[in-house]
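To keep things clear, I will list the structure first and then write my remarks on it.
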Amino acid sequence: MGGDARGVRRLVRGLRKLQASVECAYEAGPCGYALQRQLAGAGIGCVVVAPSLIPVKPGERIKTDRRDARKLAEQLRAGMLTAVCAPSEAQEAVRDLCRCREAAREDLMRARHRLSKMLLRRGLVYRAGKNWTQKH
């Protein structure tokens, strides 16, 4: 299936033809909770699982999408997965805004450090007050 809404709708139509109860799971990741919301809106149970809470056998290092999908399905059927609470769209938007602000703040701090260290290597040291003020 494609990663877009159209592909998910096509999958839902196919699942409805099965005339069976369907539940699915996927690992939480950078794509957010749009898939979970779309499946829940179509009446299909979808569990979002934190990757850190998925049981892993020692020495099992090979990761492929097909193996991960099979393992998730088996563990979901066995009741071994711990679901995370999916936030509402508003809560997710606030999280994204906070993460973006934090990333911008860290970028600014890194740029300031880079600039001050470059000036220090050139022997240009500001001693007339605090750094990063209007006078500086």
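Ligands are numbered from 1 in the order shown, residues from 1 within each chain, and chains are lettered A, B, ... in the order they appear in the structure tokens.
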
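Close contacts of Arg37 of chain A, defined as residues with an atom at most 10 Å away when counting only C-alpha atoms, with chain neighbours fewer than 6 positions off set aside, comprise Gly43, Ile44, Gly45, Cys46, Ala86, Pro87, Ser88 and Glu89 of chain A.
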
Convert the current residue selection to file output with N, CA, C and O atoms, as a compact mmCIF listing (two decimals), in the first residue's frame.
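Below you can see again_28.txt, which holds the result:
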# COMPACT_ATOMS: atom_id res chain seq x y z
N GLY A 43 -13.16 2.45 11.30
CA GLY A 43 -13.65 1.35 12.11
C GLY A 43 -12.70 0.18 12.26
O GLY A 43 -13.09 -0.91 12.66
N ILE A 44 -11.44 0.39 11.95
CA ILE A 44 -10.44 -0.68 12.09
C ILE A 44 -9.56 -0.36 13.30
O ILE A 44 -9.02 0.74 13.40
N GLY A 45 -9.44 -1.31 14.20
CA GLY A 45 -8.62 -1.11 15.38
C GLY A 45 -7.16 -1.01 15.02
O GLY A 45 -6.63 -1.85 14.29
N CYS A 46 -6.51 0.01 15.52
CA CYS A 46 -5.09 0.20 15.22
C CYS A 46 -4.37 0.59 16.51
O CYS A 46 -4.76 1.54 17.19
N ALA A 86 -2.40 7.61 21.76
CA ALA A 86 -2.27 8.51 20.61
C ALA A 86 -2.86 9.87 20.99
O ALA A 86 -4.00 9.95 21.43
N PRO A 87 -2.10 10.94 20.81
CA PRO A 87 -2.62 12.27 21.15
C PRO A 87 -3.63 12.75 20.12
O PRO A 87 -3.67 12.25 18.99
N SER A 88 -4.44 13.71 20.52
CA SER A 88 -5.37 14.31 19.57
C SER A 88 -4.58 15.13 18.57
O SER A 88 -3.39 15.39 18.75
N GLU A 89 -5.25 15.58 17.51
CA GLU A 89 -4.55 16.38 16.50
C GLU A 89 -4.03 17.68 17.10
O GLU A 89 -2.93 18.13 16.77

Could you pull the residues within 12 Å of Arg70 of chain A, counting only C-alpha atoms, minus those fewer than 5 positions along the same chain, as a PyMOL selection string?
-> chain A and resi 24-26+63-65+75-77

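Of the listed residues (A:Leu97, A:Asn131, A:Pro30, A:Glu74), A:Asn131 comes nearest to His113 of chain A; the distances count only C-alpha atoms.
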
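For His136 of chain A, the set of protein, DNA and RNA residues having any atom at most 12 Å away, when counting only C-alpha atoms and skipping those fewer than 3 positions along the same chain, is Ser116, Val125, Tyr126, Arg127, Ala128, Gly129, Lys130, Asn131, Trp132 and Thr133 of chain A.
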
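Picture a line from atom CA of Ala5 of chain A to atom CA of Val94 of chain A; it runs 22.8 Å.
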
Of the candidates A:Ala90, A:Cys98, A:Val12, A:Val49, which one gets nearest to Gly29 of chain A if we count only C-alpha atoms?
-> A:Val49

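If only C-alpha atoms are the atoms counted, then among A:Val48, A:Arg13, A:Leu39, A:Val8 the closest residue to Cys85 of chain A is A:Val48.
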
Could you tell me, as a PDB file with N, CA and C atoms, in the first residue's frame, which residues of segment 58-130 of chain A DSSP assigns to alpha helix (DSSP H) when given the backbone?
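Saved result, selection-v7.pdb, follows:
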ATOM      1  N   ASP A  65      11.450  -4.792   6.816  1.00  0.00           N
ATOM      2  CA  ASP A  65      10.041  -4.437   6.968  1.00  0.00           C
ATOM      3  C   ASP A  65       9.161  -5.679   7.056  1.00  0.00           C
ATOM      4  N   ARG A  66       9.452  -6.672   6.220  1.00  0.00           N
ATOM      5  CA  ARG A  66       8.629  -7.888   6.195  1.00  0.00           C
ATOM      6  C   ARG A  66       8.732  -8.637   7.525  1.00  0.00           C
ATOM      7  N   ARG A  67       9.966  -8.789   8.040  1.00  0.00           N
ATOM      8  CA  ARG A  67      10.146  -9.478   9.329  1.00  0.00           C
ATOM      9  C   ARG A  67       9.524  -8.692  10.476  1.00  0.00           C
ATOM     10  N   ASP A  68       9.713  -7.373  10.457  1.00  0.00           N
ATOM     11  CA  ASP A  68       9.133  -6.546  11.509  1.00  0.00           C
ATOM     12  C   ASP A  68       7.609  -6.639  11.498  1.00  0.00           C
ATOM     13  N   ALA A  69       7.004  -6.633  10.318  1.00  0.00           N
ATOM     14  CA  ALA A  69       5.548  -6.715  10.212  1.00  0.00           C
ATOM     15  C   ALA A  69       5.040  -8.044  10.748  1.00  0.00           C
ATOM     16  N   ARG A  70       5.721  -9.123  10.374  1.00  0.00           N
ATOM     17  CA  ARG A  70       5.305 -10.451  10.861  1.00  0.00           C
ATOM     18  C   ARG A  70       5.445 -10.534  12.383  1.00  0.00           C
ATOM     19  N   LYS A  71       6.562 -10.022  12.891  1.00  0.00           N
ATOM     20  CA  LYS A  71       6.799 -10.064  14.338  1.00  0.00           C
ATOM     21  C   LYS A  71       5.744  -9.239  15.084  1.00  0.00           C
ATOM     22  N   LEU A  72       5.423  -8.044  14.560  1.00  0.00           N
ATOM     23  CA  LEU A  72       4.398  -7.215  15.198  1.00  0.00           C
ATOM     24  C   LEU A  72       3.043  -7.908  15.195  1.00  0.00           C
ATOM     25  N   ALA A  73       2.686  -8.545  14.080  1.00  0.00           N
ATOM     26  CA  ALA A  73       1.402  -9.246  13.989  1.00  0.00           C
ATOM     27  C   ALA A  73       1.337 -10.400  14.985  1.00  0.00           C
ATOM     28  N   GLU A  74       2.410 -11.156  15.081  1.00  0.00           N
ATOM     29  CA  GLU A  74       2.428 -12.281  16.025  1.00  0.00           C
ATOM     30  C   GLU A  74       2.337 -11.801  17.466  1.00  0.00           C
ATOM     31  N   GLN A  75       3.068 -10.734  17.779  1.00  0.00           N
ATOM     32  CA  GLN A  75       3.047 -10.220  19.146  1.00  0.00           C
ATOM     33  C   GLN A  75       1.720  -9.549  19.474  1.00  0.00           C
ATOM     34  N   LEU A  76       1.075  -8.922  18.495  1.00  0.00           N
ATOM     35  CA  LEU A  76      -0.246  -8.331  18.717  1.00  0.00           C
ATOM     36  C   LEU A  76      -1.255  -9.431  19.008  1.00  0.00           C
ATOM     37  N   ARG A  77      -1.210 -10.503  18.230  1.00  0.00           N
ATOM     38  CA  ARG A  77      -2.122 -11.631  18.440  1.00  0.00           C
ATOM     39  C   ARG A  77      -1.909 -12.261  19.813  1.00  0.00           C
ATOM     40  N   ALA A  78      -0.648 -12.303  20.267  1.00  0.00           N
ATOM     41  CA  ALA A  78      -0.332 -12.909  21.567  1.00  0.00           C
ATOM     42  C   ALA A  78      -0.571 -11.958  22.728  1.00  0.00           C
ATOM     43  N   GLU A  89      -5.250  15.576  17.508  1.00  0.00           N
ATOM     44  CA  GLU A  89      -4.554  16.379  16.499  1.00  0.00           C
ATOM     45  C   GLU A  89      -4.032  17.678  17.101  1.00  0.00           C
ATOM     46  N   ALA A  90      -4.807  18.278  18.018  1.00  0.00           N
ATOM     47  CA  ALA A  90      -4.363  19.521  18.664  1.00  0.00           C
ATOM     48  C   ALA A  90      -3.138  19.271  19.540  1.00  0.00           C
ATOM     49  N   GLN A  91      -3.155  18.181  20.309  1.00  0.00           N
ATOM     50  CA  GLN A  91      -2.004  17.857  21.153  1.00  0.00           C
ATOM     51  C   GLN A  91      -0.769  17.572  20.309  1.00  0.00           C
ATOM     52  N   GLU A  92      -0.948  16.876  19.190  1.00  0.00           N
ATOM     53  CA  GLU A  92       0.175  16.572  18.319  1.00  0.00           C
ATOM     54  C   GLU A  92       0.742  17.845  17.698  1.00  0.00           C
ATOM     55  N   ALA A  93      -0.139  18.795  17.368  1.00  0.00           N
ATOM     56  CA  ALA A  93       0.321  20.064  16.795  1.00  0.00           C
ATOM     57  C   ALA A  93       1.146  20.845  17.812  1.00  0.00           C
ATOM     58  N   VAL A  94       0.727  20.835  19.082  1.00  0.00           N
ATOM     59  CA  VAL A  94       1.481  21.532  20.128  1.00  0.00           C
ATOM     60  C   VAL A  94       2.837  20.862  20.329  1.00  0.00           C
ATOM     61  N   ARG A  95       2.863  19.526  20.309  1.00  0.00           N
ATOM     62  CA  ARG A  95       4.143  18.801  20.426  1.00  0.00           C
ATOM     63  C   ARG A  95       5.088  19.183  19.299  1.00  0.00           C
ATOM     64  N   ASP A  96       4.555  19.211  18.069  1.00  0.00           N
ATOM     65  CA  ASP A  96       5.388  19.567  16.922  1.00  0.00           C
ATOM     66  C   ASP A  96       5.936  20.975  17.055  1.00  0.00           C
ATOM     67  N   LEU A  97       5.091  21.913  17.498  1.00  0.00           N
ATOM     68  CA  LEU A  97       5.537  23.292  17.672  1.00  0.00           C
ATOM     69  C   LEU A  97       6.637  23.379  18.729  1.00  0.00           C
ATOM     70  N   CYS A  98       6.463  22.683  19.846  1.00  0.00           N
ATOM     71  CA  CYS A  98       7.476  22.697  20.915  1.00  0.00           C
ATOM     72  C   CYS A  98       8.790  22.088  20.426  1.00  0.00           C
ATOM     73  N   ARG A  99       8.709  20.989  19.685  1.00  0.00           N
ATOM     74  CA  ARG A  99       9.928  20.355  19.162  1.00  0.00           C
ATOM     75  C   ARG A  99      10.628  21.269  18.167  1.00  0.00           C
ATOM     76  N   CYS A 100       9.844  21.947  17.337  1.00  0.00           N
ATOM     77  CA  CYS A 100      10.424  22.854  16.346  1.00  0.00           C
ATOM     78  C   CYS A 100      11.109  24.027  17.035  1.00  0.00           C
ATOM     79  N   ARG A 101      10.463  24.587  18.064  1.00  0.00           N
ATOM     80  CA  ARG A 101      11.050  25.704  18.811  1.00  0.00           C
ATOM     81  C   ARG A 101      12.349  25.284  19.474  1.00  0.00           C
ATOM     82  N   GLU A 102      12.344  24.114  20.087  1.00  0.00           N
ATOM     83  CA  GLU A 102      13.545  23.604  20.758  1.00  0.00           C
ATOM     84  C   GLU A 102      14.674  23.396  19.757  1.00  0.00           C
ATOM     85  N   ALA A 103      14.362  22.848  18.586  1.00  0.00           N
ATOM     86  CA  ALA A 103      15.382  22.628  17.563  1.00  0.00           C
ATOM     87  C   ALA A 103      15.953  23.966  17.081  1.00  0.00           C
ATOM     88  N   ALA A 104      15.097  24.968  16.901  1.00  0.00           N
ATOM     89  CA  ALA A 104      15.572  26.291  16.460  1.00  0.00           C
ATOM     90  C   ALA A 104      16.463  26.923  17.526  1.00  0.00           C
ATOM     91  N   ARG A 105      16.083  26.760  18.803  1.00  0.00           N
ATOM     92  CA  ARG A 105      16.886  27.303  19.898  1.00  0.00           C
ATOM     93  C   ARG A 105      18.261  26.638  19.941  1.00  0.00           C
ATOM     94  N   GLU A 106      18.298  25.318  19.751  1.00  0.00           N
ATOM     95  CA  GLU A 106      19.575  24.605  19.741  1.00  0.00           C
ATOM     96  C   GLU A 106      20.431  25.022  18.543  1.00  0.00           C
ATOM     97  N   ASP A 107      19.797  25.222  17.392  1.00  0.00           N
ATOM     98  CA  ASP A 107      20.533  25.679  16.209  1.00  0.00           C
ATOM     99  C   ASP A 107      21.165  27.047  16.456  1.00  0.00           C
ATOM    100  N   LEU A 108      20.404  27.953  17.086  1.00  0.00           N
ATOM    101  CA  LEU A 108      20.928  29.288  17.393  1.00  0.00           C
ATOM    102  C   LEU A 108      22.122  29.183  18.339  1.00  0.00           C
ATOM    103  N   MET A 109      22.006  28.351  19.367  1.00  0.00           N
ATOM    104  CA  MET A 109      23.091  28.193  20.330  1.00  0.00           C
ATOM    105  C   MET A 109      24.338  27.618  19.647  1.00  0.00           C
ATOM    106  N   ARG A 110      24.152  26.615  18.773  1.00  0.00           N
ATOM    107  CA  ARG A 110      25.302  26.046  18.056  1.00  0.00           C
ATOM    108  C   ARG A 110      25.976  27.086  17.165  1.00  0.00           C
ATOM    109  N   ALA A 111      25.162  27.899  16.485  1.00  0.00           N
ATOM    110  CA  ALA A 111      25.730  28.928  15.602  1.00  0.00           C
ATOM    111  C   ALA A 111      26.505  29.960  16.413  1.00  0.00           C
ATOM    112  N   ARG A 112      25.973  30.364  17.559  1.00  0.00           N
ATOM    113  CA  ARG A 112      26.679  31.318  18.419  1.00  0.00           C
ATOM    114  C   ARG A 112      27.997  30.736  18.899  1.00  0.00           C
ATOM    115  N   HIS A 113      27.973  29.479  19.323  1.00  0.00           N
ATOM    116  CA  HIS A 113      29.210  28.840  19.793  1.00  0.00           C
ATOM    117  C   HIS A 113      30.237  28.750  18.673  1.00  0.00           C
ATOM    118  N   ARG A 114      29.776  28.343  17.477  1.00  0.00           N
ATOM    119  CA  ARG A 114      30.671  28.242  16.338  1.00  0.00           C
ATOM    120  C   ARG A 114      31.331  29.579  16.039  1.00  0.00           C
ATOM    121  N   LEU A 115      30.521  30.650  16.035  1.00  0.00           N
ATOM    122  CA  LEU A 115      31.039  31.978  15.733  1.00  0.00           C
ATOM    123  C   LEU A 115      32.010  32.457  16.812  1.00  0.00           C
ATOM    124  N   SER A 116      31.648  32.276  18.078  1.00  0.00           N
ATOM    125  CA  SER A 116      32.523  32.749  19.158  1.00  0.00           C
ATOM    126  C   SER A 116      33.838  31.970  19.173  1.00  0.00           C
ATOM    127  N   LYS A 117      33.805  30.665  18.868  1.00  0.00           N
ATOM    128  CA  LYS A 117      35.045  29.879  18.844  1.00  0.00           C
ATOM    129  C   LYS A 117      35.928  30.271  17.667  1.00  0.00           C
ATOM    130  N   MET A 118      35.304  30.584  16.526  1.00  0.00           N
ATOM    131  CA  MET A 118      36.075  31.030  15.370  1.00  0.00           C
ATOM    132  C   MET A 118      36.747  32.369  15.679  1.00  0.00           C
ATOM    133  N   LEU A 119      36.010  33.277  16.319  1.00  0.00           N
ATOM    134  CA  LEU A 119      36.597  34.575  16.692  1.00  0.00           C
ATOM    135  C   LEU A 119      37.708  34.396  17.715  1.00  0.00           C
ATOM    136  N   LEU A 120      37.527  33.477  18.651  1.00  0.00           N
ATOM    137  CA  LEU A 120      38.546  33.200  19.661  1.00  0.00           C
ATOM    138  C   LEU A 120      39.828  32.685  19.000  1.00  0.00           C
ATOM    139  N   ARG A 121      39.691  31.802  18.007  1.00  0.00           N
ATOM    140  CA  ARG A 121      40.873  31.303  17.291  1.00  0.00           C
ATOM    141  C   ARG A 121      41.611  32.423  16.573  1.00  0.00           C
TER     142      ARG A 121
END

Using atom CA of Arg9 of chain A and atom CA of Gly79 of chain A as the two end points, give the distance in Å to one decimal.
-> 26.7 Å

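Closest approach to Leu15 of chain A from the set A:Ala42, A:Leu124, A:Ile62, A:Leu81 is made by A:Ala42, with distances taken over only C-alpha atoms.
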
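Counting from atom CA of Glu27 of chain A, the distance to atom CA of Pro55 of chain A is 12.3 Å.
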
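The residues of chain A that DSSP classifies as strand (DSSP E), using the backbone of this structure, are Glu23, Cys24, Ala25, Tyr26, Glu27, Gly45, Cys46, Val47, Val48 and Val49 of chain A.
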